[in-house]
Each structure stands twice: as C-alpha cells, then as structure tokens.
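K.L.:
The structure follows.
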Amino acid sequence: MHTLYSMHRSGNSYKVRLALARLGIPYRLVEVDILQGESRTPEFLAKNPSGQIPLLEVAPGRYLAESNAILWYVAGGTMLAPEDRIHRAEALQWMFFEQHSLEPNIGAAFFWLALIKGGRDLQQHALEDWMENGYRALGVMEQHLSNYRYFVADHYTIADIALYAYTHLAHECDFDLARFPAVRRWLDRVAAEPGHVPMDWHPEIVDAAE
Ligand SMILES: N[C@@H](CCC(=O)N[C@@H](CS)C(=O)NCC(=O)O)C(=O)O
C-alpha cells in the first residue's frame, strides 16, 4: 500500500487525496505539519530534498514528489488520465498552467492569509501581485469554462482535480468569484462528482511525520 505524506490544509496535498478517494485506492496517510518545520527535518529531506509535501512512497524507499506528477502516477490507466495524444497534452497544458499561473498566486495568498497568523501584514508587499495574477488566471479559466464543462476531454480528469484544489479555496483568501459564474458552476460540478471528498476528509492517519 502507498504512503502519502500530506498536510490537511495543503491544497497540493488535497489534489492527491481527492484523486485517491475518487479511485477508491487505499493508502497510509502521514500528516506532516509544514508550519512546524516537519518537512525540513533531515529524515524528511532524505525522502524529498525539496522539503515539500505532498510526497508519495510508491515502493519501499522510492518517493514521488510534485502533486501533478503524483496525480499522473495514481490515475494512470484510468478515465482520470486521458490517454490519447491531444487530450493528454491538453491535460498537461492545464496542469502546467495550474503550477505557473494559479498556485503561485491563489496558493500563496491562501497560505499567508488563511494559514499563517499575521501573514497579511508580513506579505502586504506581495498581496497586490497575487491578487492581480490570481484574477488573471481565473479569467483564463472562466473563458474556457464558458464553452466547456470540464477542462479536457469533455469529462472529469486530473486537470480538473489540479485546478480545483486552490480555486475552491479562493474565497478564503480575498478572491471574489462573483465575476466568474462559469468557474462557480464548474466548482459545483466537481463537488458533485462521485467519490468526491472535501478537503478535511482523510483516511485514518497512521502517524505524525515519520
Ligand atoms: N510544486 C509542488 C509544490 C508543493 C508545495 O508548495 N508544498 C508546500 C505545501 S502546499 C510545502 O510543502 N511547503 C513547505 C516548505 O516548502 O517548507 C507541488 O505541486 O507539489
């Protein structure tokens, strides 16, 4: 059984928990509190030199980092991971977009505004850029979703999972989705998918960071 190193309030970790739940794949969950530096201990750095979660142990001593790479791994061979050439490339396109345009802005705003006490004051200088760039990313998504129900292949895929994680948290970090009706309808559509679990759902936690 795979072991997932994850934190319950991490959007990147939630992507993996969401995919595993949807696919009904059992796993061991290890909660890593990044706010307590648990991803920067020598033991954890030996598993992932980036010092970040999520991290999946795919075989004894073999670790896979980067949420979107983990999504491809766990969903490989299922409907969630498109196999034909153009749909696979389009899924990658949106997953790179997520990492480059959405997560560094909405993810950063969520981390500092929703998770870190006093984070708003500490990051006042960065907030304006995060808001501007985050809204720009939401605008790109709105345009696509005005014409399509899902991001790729006309059905729910790991591209939706990747983009859902931080978009569904946007309202917790100052973003107002009122101007993005197609994004809001898509959020509802994803939440209604069979096997969907909310961010605070998790299987039994086997241990604190080990
Ligand atoms: N690109 C990575 C980003 C992972 C990431 O930023 N993880 C954060 C939590 S959401 C983390 O572990 N931060 C702790 C640290 O950097 O010390 C991914 O998609 O998995």
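Starting from 1 in every chain, residues are counted up; chains themselves are A, B, ... following the order of the structure tokens, and ligands are numbered from 1 as listed.
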Do you have, as a Markdown table, the list of residues of chain A lying at most 8 Å from ligand 1, each with its nearest atom pair and that distance in Å to one decimal, counting only C-alpha atoms and all ligand atoms and ordered by chain then number?
P.N.:
| residue | atom | partner | partner_atom_place_in_ligand_line | distance |
| --- | --- | --- | --- | --- |
| A:Met7 | CA | ligand 1 | 9 (C) | 7.3 |
| A:Arg9 | CA | ligand 1 | 10 (S) | 7.9 |
| A:Ser10 | CA | ligand 1 | 10 (S) | 4.4 |
| A:Gly11 | CA | ligand 1 | 10 (S) | 5.7 |
| A:Asn12 | CA | ligand 1 | 10 (S) | 4.9 |
| A:Ser13 | CA | ligand 1 | 10 (S) | 6.5 |
| A:Ile34 | CA | ligand 1 | 14 (C) | 5.1 |
| A:Leu35 | CA | ligand 1 | 14 (C) | 7.5 |
| A:Gly37 | CA | ligand 1 | 17 (O) | 6.7 |
| A:Ser39 | CA | ligand 1 | 17 (O) | 5.9 |
| A:Arg40 | CA | ligand 1 | 17 (O) | 6.2 |
| A:Ser50 | CA | ligand 1 | 16 (O) | 7.3 |
| A:Gly51 | CA | ligand 1 | 17 (O) | 5.5 |
| A:Gln52 | CA | ligand 1 | 12 (O) | 3.2 |
| A:Ile53 | CA | ligand 1 | 12 (O) | 4.0 |
| A:Pro54 | CA | ligand 1 | 20 (O) | 5.5 |
| A:Leu55 | CA | ligand 1 | 20 (O) | 7.6 |
| A:Ala65 | CA | ligand 1 | 20 (O) | 6.2 |
| A:Glu66 | CA | ligand 1 | 20 (O) | 3.5 |
| A:Ser67 | CA | ligand 1 | 20 (O) | 3.7 |
| A:Asn68 | CA | ligand 1 | 19 (O) | 5.8 |
| A:Gln99 | CA | ligand 1 | 1 (N) | 6.5 |
| A:Gly107 | CA | ligand 1 | 10 (S) | 7.6 |
| A:Phe111 | CA | ligand 1 | 10 (S) | 7.8 |
K.L.:
If you run DSSP on the backbone here, which positions in segment 74-103 of chain A get alpha helix (DSSP H)? Please write them as a list in words.
P.N.:
Val74, Ala75, Arg85, Ile86, His87, Arg88, Ala89, Glu90, Ala91, Leu92, Gln93, Trp94, Met95, Phe96 and Phe97 of chain A
K.L.:
Could you write those residues out with N, CA, C and O atoms, as a PDB file, in the first residue's frame?
P.N.:
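Generated file (out_2.pdb):
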ATOM      1  N   VAL A  74      -0.958   8.128  -9.859  1.00  0.00           N
ATOM      2  CA  VAL A  74      -2.060   7.370  -9.234  1.00  0.00           C
ATOM      3  C   VAL A  74      -3.222   7.147 -10.215  1.00  0.00           C
ATOM      4  O   VAL A  74      -3.927   6.149 -10.129  1.00  0.00           O
ATOM      5  N   ALA A  75      -3.388   8.073 -11.155  1.00  0.00           N
ATOM      6  CA  ALA A  75      -4.542   7.963 -12.062  1.00  0.00           C
ATOM      7  C   ALA A  75      -4.213   7.245 -13.362  1.00  0.00           C
ATOM      8  O   ALA A  75      -5.108   6.998 -14.181  1.00  0.00           O
ATOM      9  N   ARG A  85      -3.377  11.317 -27.558  1.00  0.00           N
ATOM     10  CA  ARG A  85      -2.264  12.258 -27.611  1.00  0.00           C
ATOM     11  C   ARG A  85      -2.671  13.703 -27.314  1.00  0.00           C
ATOM     12  O   ARG A  85      -2.061  14.393 -26.500  1.00  0.00           O
ATOM     13  N   ILE A  86      -3.740  14.158 -27.952  1.00  0.00           N
ATOM     14  CA  ILE A  86      -4.102  15.568 -27.780  1.00  0.00           C
ATOM     15  C   ILE A  86      -4.716  15.821 -26.400  1.00  0.00           C
ATOM     16  O   ILE A  86      -4.417  16.819 -25.751  1.00  0.00           O
ATOM     17  N   HIS A  87      -5.535  14.879 -25.916  1.00  0.00           N
ATOM     18  CA  HIS A  87      -6.136  15.101 -24.591  1.00  0.00           C
ATOM     19  C   HIS A  87      -5.071  15.051 -23.494  1.00  0.00           C
ATOM     20  O   HIS A  87      -5.133  15.801 -22.519  1.00  0.00           O
ATOM     21  N   ARG A  88      -4.095  14.168 -23.676  1.00  0.00           N
ATOM     22  CA  ARG A  88      -3.005  14.113 -22.687  1.00  0.00           C
ATOM     23  C   ARG A  88      -2.225  15.434 -22.696  1.00  0.00           C
ATOM     24  O   ARG A  88      -1.923  15.999 -21.657  1.00  0.00           O
ATOM     25  N   ALA A  89      -1.958  15.941 -23.883  1.00  0.00           N
ATOM     26  CA  ALA A  89      -1.219  17.206 -23.978  1.00  0.00           C
ATOM     27  C   ALA A  89      -2.048  18.360 -23.412  1.00  0.00           C
ATOM     28  O   ALA A  89      -1.506  19.262 -22.751  1.00  0.00           O
ATOM     29  N   GLU A  90      -3.365  18.323 -23.633  1.00  0.00           N
ATOM     30  CA  GLU A  90      -4.208  19.391 -23.081  1.00  0.00           C
ATOM     31  C   GLU A  90      -4.275  19.309 -21.557  1.00  0.00           C
ATOM     32  O   GLU A  90      -4.291  20.341 -20.871  1.00  0.00           O
ATOM     33  N   ALA A  91      -4.304  18.081 -21.035  1.00  0.00           N
ATOM     34  CA  ALA A  91      -4.291  17.936 -19.565  1.00  0.00           C
ATOM     35  C   ALA A  91      -2.991  18.518 -19.017  1.00  0.00           C
ATOM     36  O   ALA A  91      -2.990  19.263 -18.028  1.00  0.00           O
ATOM     37  N   LEU A  92      -1.880  18.195 -19.670  1.00  0.00           N
ATOM     38  CA  LEU A  92      -0.583  18.747 -19.226  1.00  0.00           C
ATOM     39  C   LEU A  92      -0.585  20.268 -19.328  1.00  0.00           C
ATOM     40  O   LEU A  92      -0.084  20.964 -18.439  1.00  0.00           O
ATOM     41  N   GLN A  93      -1.152  20.767 -20.407  1.00  0.00           N
ATOM     42  CA  GLN A  93      -1.215  22.222 -20.582  1.00  0.00           C
ATOM     43  C   GLN A  93      -1.876  22.881 -19.370  1.00  0.00           C
ATOM     44  O   GLN A  93      -1.359  23.832 -18.784  1.00  0.00           O
ATOM     45  N   TRP A  94      -3.032  22.337 -18.966  1.00  0.00           N
ATOM     46  CA  TRP A  94      -3.746  22.948 -17.841  1.00  0.00           C
ATOM     47  C   TRP A  94      -3.033  22.703 -16.515  1.00  0.00           C
ATOM     48  O   TRP A  94      -3.083  23.540 -15.608  1.00  0.00           O
ATOM     49  N   MET A  95      -2.333  21.593 -16.410  1.00  0.00           N
ATOM     50  CA  MET A  95      -1.632  21.313 -15.145  1.00  0.00           C
ATOM     51  C   MET A  95      -0.373  22.181 -15.016  1.00  0.00           C
ATOM     52  O   MET A  95      -0.006  22.604 -13.924  1.00  0.00           O
ATOM     53  N   PHE A  96       0.278  22.477 -16.136  1.00  0.00           N
ATOM     54  CA  PHE A  96       1.388  23.446 -16.085  1.00  0.00           C
ATOM     55  C   PHE A  96       0.843  24.848 -15.770  1.00  0.00           C
ATOM     56  O   PHE A  96       1.443  25.600 -15.013  1.00  0.00           O
ATOM     57  N   PHE A  97      -0.283  25.173 -16.383  1.00  0.00           N
ATOM     58  CA  PHE A  97      -0.927  26.463 -16.104  1.00  0.00           C
ATOM     59  C   PHE A  97      -1.228  26.572 -14.602  1.00  0.00           C
ATOM     60  O   PHE A  97      -0.986  27.605 -13.976  1.00  0.00           O
TER      61      PHE A  97
END
K.L.:
Which one of A:Ile158, A:Ala192, A:Val140, A:Leu115 sits closest to Glu83 of chain A if you count only C-alpha atoms?
P.N.:
A:Ile158
K.L.:
For atom CA of Ser146 of chain A and atom CA of Leu20 of chain A, quote the distance in Å rounded to one decimal.
P.N.:
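Taking atom CA of Ser146 of chain A as the start and atom CA of Leu20 of chain A as the end point, the length is 28.4 Å.
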K.L.:
Name the closest residue to Lys47 of chain A among the candidates A:Ala182, A:Ile161, A:Leu4, A:Ala191; distances are taken between atoms, counting only C-alpha atoms.
P.N.:
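Among the listed residues, A:Leu4 lies closest to Lys47 of chain A.
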K.L.:
For a quick check of understanding, using only C-alpha atoms, which of A:Thr157, A:Thr167, A:Thr3, A:Thr41 has the smallest distance to Leu80 of chain A?
P.N.:
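Once distances to Leu80 of chain A are computed over only C-alpha atoms, the minimum belongs to A:Thr157.
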